[in-house]
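Engineer: Below is a structure I'd like to ask you about.
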Amino acid sequence: MALYFEDVEVGFRFETPRRTVTEADLVAFADVSGDFNPLHMDADFAADSIYGERIAHGALVLSLATGLRQRVGLFDGTLMGLLEIRRWRFEAPVLIGDTIRVANEVTELRPTSKPDRGIMVQRVDVLKQGDTVAAGGEFVMLLRRRPHI
């Protein structure tokens, strides 16, 4: 059952399922985005980089985080839109073969001037094995309120 604005409290936490990042993910993302930077696509080049191997695109990591969050289903049909991503930082590289998950915590809730929606802010951390934070920031979302009859 999807959660409405009234169902959520500040401090509410949830985690997503895990997902292992594959070479196919990097190739597909490069094809869609047009980002063929050798850090992502050229094993020899990346071997001589500060990472020592190819890394996932930062935007791919962000995209995977949004997809993993959707799989939880908590806001299916009640999430009206992603309004803003605040202070997003990339803390550690995500490598081919890394397994990631997303930890989320509601940090702010506020009604809007429209009675059918409210603003929900969540702290979002992309974690890889060993609980290393790979990326994180805040998502500001528009969430449907329960209809008042």
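Ligands are numbered from 1 in the order shown, residues from 1 within each chain, and chains are lettered A, B, ... in the order they appear in the structure tokens.
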Please report as CSV every residue of region 70-115 of chain A lying within 12 Å of region 10-26 of chain A, along with the nearest atom pair and their distance in Å (one decimal), using only C-alpha atoms.

Structural biologist:
residue,atom,partner,partner_atom,distance
A:Gln70,CA,A:Thr16,CA,8.5
A:Arg71,CA,A:Thr16,CA,7.2
A:Val72,CA,A:Thr16,CA,6.0
A:Gly73,CA,A:Thr16,CA,9.7
A:Leu74,CA,A:Phe14,CA,9.2
A:Phe75,CA,A:Phe14,CA,11.8
A:Pro93,CA,A:Val21,CA,11.7
A:Val94,CA,A:Val21,CA,7.9
A:Leu95,CA,A:Val21,CA,7.3
A:Ile96,CA,A:Thr22,CA,5.2
A:Gly97,CA,A:Val21,CA,5.4
A:Asp98,CA,A:Thr20,CA,5.6
A:Thr99,CA,A:Thr20,CA,4.0
A:Ile100,CA,A:Arg19,CA,5.4
A:Arg101,CA,A:Arg18,CA,4.5
A:Val102,CA,A:Thr16,CA,5.3
A:Ala103,CA,A:Glu15,CA,4.5
A:Asn104,CA,A:Phe14,CA,5.4
A:Glu105,CA,A:Arg13,CA,4.4
A:Val106,CA,A:Val10,CA,5.1
A:Thr107,CA,A:Val10,CA,5.2
A:Glu108,CA,A:Val10,CA,5.8
A:Leu109,CA,A:Val10,CA,6.7
A:Arg110,CA,A:Val10,CA,10.2

Engineer: Once DSSP has gone over the backbone, tell me which residues of chain A are in helix (DSSP H, G or I), as a count of residues only.

Structural biologist: 41

Engineer: Once you count only C-alpha atoms, what closest atom pair and distance in Å to one decimal does each residue of region 49-146 of chain A within 9 Å of region 34-39 of chain A have, with rows by chain and rising residue number, as CSV?

Structural biologist:
residue,atom,partner,partner_atom,distance
A:Ser49,CA,A:Leu39,CA,7.6
A:Tyr51,CA,A:Leu39,CA,8.7
A:Glu53,CA,A:Leu39,CA,7.7
A:Arg54,CA,A:Leu39,CA,5.4
A:Ile55,CA,A:Leu39,CA,6.2
A:Ala56,CA,A:Leu39,CA,8.3
A:His57,CA,A:Asp35,CA,8.2

Engineer: Keeping only N, CA and C atoms, write the selected residues to a file as a short mmCIF file (atom, residue, chain, number, x, y, z; two decimals), in the first residue's frame.

Structural biologist:
data_model
loop_
_atom_site.label_atom_id
_atom_site.label_comp_id
_atom_site.auth_asym_id
_atom_site.auth_seq_id
_atom_site.Cartn_x
_atom_site.Cartn_y
_atom_site.Cartn_z
N SER A 49 44.49 5.46 -14.13
CA SER A 49 43.85 6.58 -13.42
C SER A 49 44.00 6.41 -11.91
N TYR A 51 41.79 5.63 -9.99
CA TYR A 51 40.90 4.56 -9.55
C TYR A 51 41.46 3.17 -9.84
N GLU A 53 40.88 1.28 -12.25
CA GLU A 53 39.96 0.51 -13.09
C GLU A 53 38.79 1.40 -13.48
N ARG A 54 37.94 0.88 -14.37
CA ARG A 54 36.79 1.67 -14.81
C ARG A 54 35.82 1.91 -13.65
N ILE A 55 35.21 3.08 -13.67
CA ILE A 55 34.21 3.44 -12.65
C ILE A 55 32.87 3.73 -13.32
N ALA A 56 31.82 3.58 -12.55
CA ALA A 56 30.47 3.91 -13.05
C ALA A 56 30.34 5.42 -13.17
N HIS A 57 29.59 5.86 -14.14
CA HIS A 57 29.27 7.28 -14.30
C HIS A 57 28.57 7.76 -13.03
#

Engineer: Can you check which residues of region 56-147 of chain A DSSP gives as strand (DSSP E or B) on the backbone and send them as number ranges by chain?

Structural biologist: A: 79-90, 95, 99-111, 117-128, 132-144

Engineer: Residues as selected, C-alpha atoms, written as a PDB file, in the first residue's frame, can you do that?

Structural biologist:
ATOM      1  CA  LEU A  79       4.755  10.498  -5.496  1.00  0.00           C
ATOM      2  CA  MET A  80       3.894  13.441  -7.728  1.00  0.00           C
ATOM      3  CA  GLY A  81       7.417  14.409  -8.701  1.00  0.00           C
ATOM      4  CA  LEU A  82      11.044  14.949  -7.804  1.00  0.00           C
ATOM      5  CA  LEU A  83      11.434  18.696  -7.306  1.00  0.00           C
ATOM      6  CA  GLU A  84      15.071  19.089  -6.382  1.00  0.00           C
ATOM      7  CA  ILE A  85      18.285  17.231  -5.590  1.00  0.00           C
ATOM      8  CA  ARG A  86      20.295  19.100  -2.970  1.00  0.00           C
ATOM      9  CA  ARG A  87      23.949  18.827  -2.017  1.00  0.00           C
ATOM     10  CA  TRP A  88      24.542  15.609  -3.964  1.00  0.00           C
ATOM     11  CA  ARG A  89      28.117  14.438  -3.463  1.00  0.00           C
ATOM     12  CA  PHE A  90      30.098  11.538  -4.824  1.00  0.00           C
ATOM     13  CA  LEU A  95      33.155  -0.025  -9.675  1.00  0.00           C
ATOM     14  CA  THR A  99      26.741  -4.012  -4.985  1.00  0.00           C
ATOM     15  CA  ILE A 100      24.783  -0.928  -3.964  1.00  0.00           C
ATOM     16  CA  ARG A 101      21.657  -0.178  -1.961  1.00  0.00           C
ATOM     17  CA  VAL A 102      20.033   3.078  -0.882  1.00  0.00           C
ATOM     18  CA  ALA A 103      19.320   4.190   2.687  1.00  0.00           C
ATOM     19  CA  ASN A 104      16.636   6.879   3.049  1.00  0.00           C
ATOM     20  CA  GLU A 105      15.400   9.018   5.931  1.00  0.00           C
ATOM     21  CA  VAL A 106      12.609  11.598   5.907  1.00  0.00           C
ATOM     22  CA  THR A 107      14.074  14.801   7.339  1.00  0.00           C
ATOM     23  CA  GLU A 108      11.351  17.353   6.632  1.00  0.00           C
ATOM     24  CA  LEU A 109       7.640  17.455   5.839  1.00  0.00           C
ATOM     25  CA  ARG A 110       5.668  20.571   5.016  1.00  0.00           C
ATOM     26  CA  PRO A 111       2.258  21.166   3.507  1.00  0.00           C
ATOM     27  CA  ARG A 117       0.007  17.749  -1.902  1.00  0.00           C
ATOM     28  CA  GLY A 118       2.899  18.264   0.465  1.00  0.00           C
ATOM     29  CA  ILE A 119       6.695  18.496   0.331  1.00  0.00           C
ATOM     30  CA  MET A 120       8.809  15.625   1.652  1.00  0.00           C
ATOM     31  CA  VAL A 121      12.602  15.944   2.019  1.00  0.00           C
ATOM     32  CA  GLN A 122      14.681  12.782   2.385  1.00  0.00           C
ATOM     33  CA  ARG A 123      18.334  12.190   3.168  1.00  0.00           C
ATOM     34  CA  VAL A 124      19.481   9.658   0.565  1.00  0.00           C
ATOM     35  CA  ASP A 125      22.729   7.660   0.793  1.00  0.00           C
ATOM     36  CA  VAL A 126      23.941   5.215  -1.836  1.00  0.00           C
ATOM     37  CA  LEU A 127      25.865   2.538   0.054  1.00  0.00           C
ATOM     38  CA  LYS A 128      28.127  -0.099  -1.370  1.00  0.00           C
ATOM     39  CA  THR A 132      30.778   2.672   2.343  1.00  0.00           C
ATOM     40  CA  VAL A 133      28.870   5.778   1.266  1.00  0.00           C
ATOM     41  CA  ALA A 134      29.376   6.084  -2.482  1.00  0.00           C
ATOM     42  CA  ALA A 135      27.083   9.100  -2.984  1.00  0.00           C
ATOM     43  CA  GLY A 136      24.422  11.010  -1.150  1.00  0.00           C
ATOM     44  CA  GLY A 137      22.393  14.135  -0.683  1.00  0.00           C
ATOM     45  CA  GLU A 138      18.786  15.179  -0.305  1.00  0.00           C
ATOM     46  CA  PHE A 139      15.780  14.557  -2.516  1.00  0.00           C
ATOM     47  CA  VAL A 140      12.912  17.042  -2.342  1.00  0.00           C
ATOM     48  CA  MET A 141       9.682  15.428  -3.499  1.00  0.00           C
ATOM     49  CA  LEU A 142       6.072  16.343  -4.020  1.00  0.00           C
ATOM     50  CA  LEU A 143       3.824  13.813  -2.316  1.00  0.00           C
ATOM     51  CA  ARG A 144       0.081  13.381  -2.683  1.00  0.00           C
TER      52      ARG A 144
END
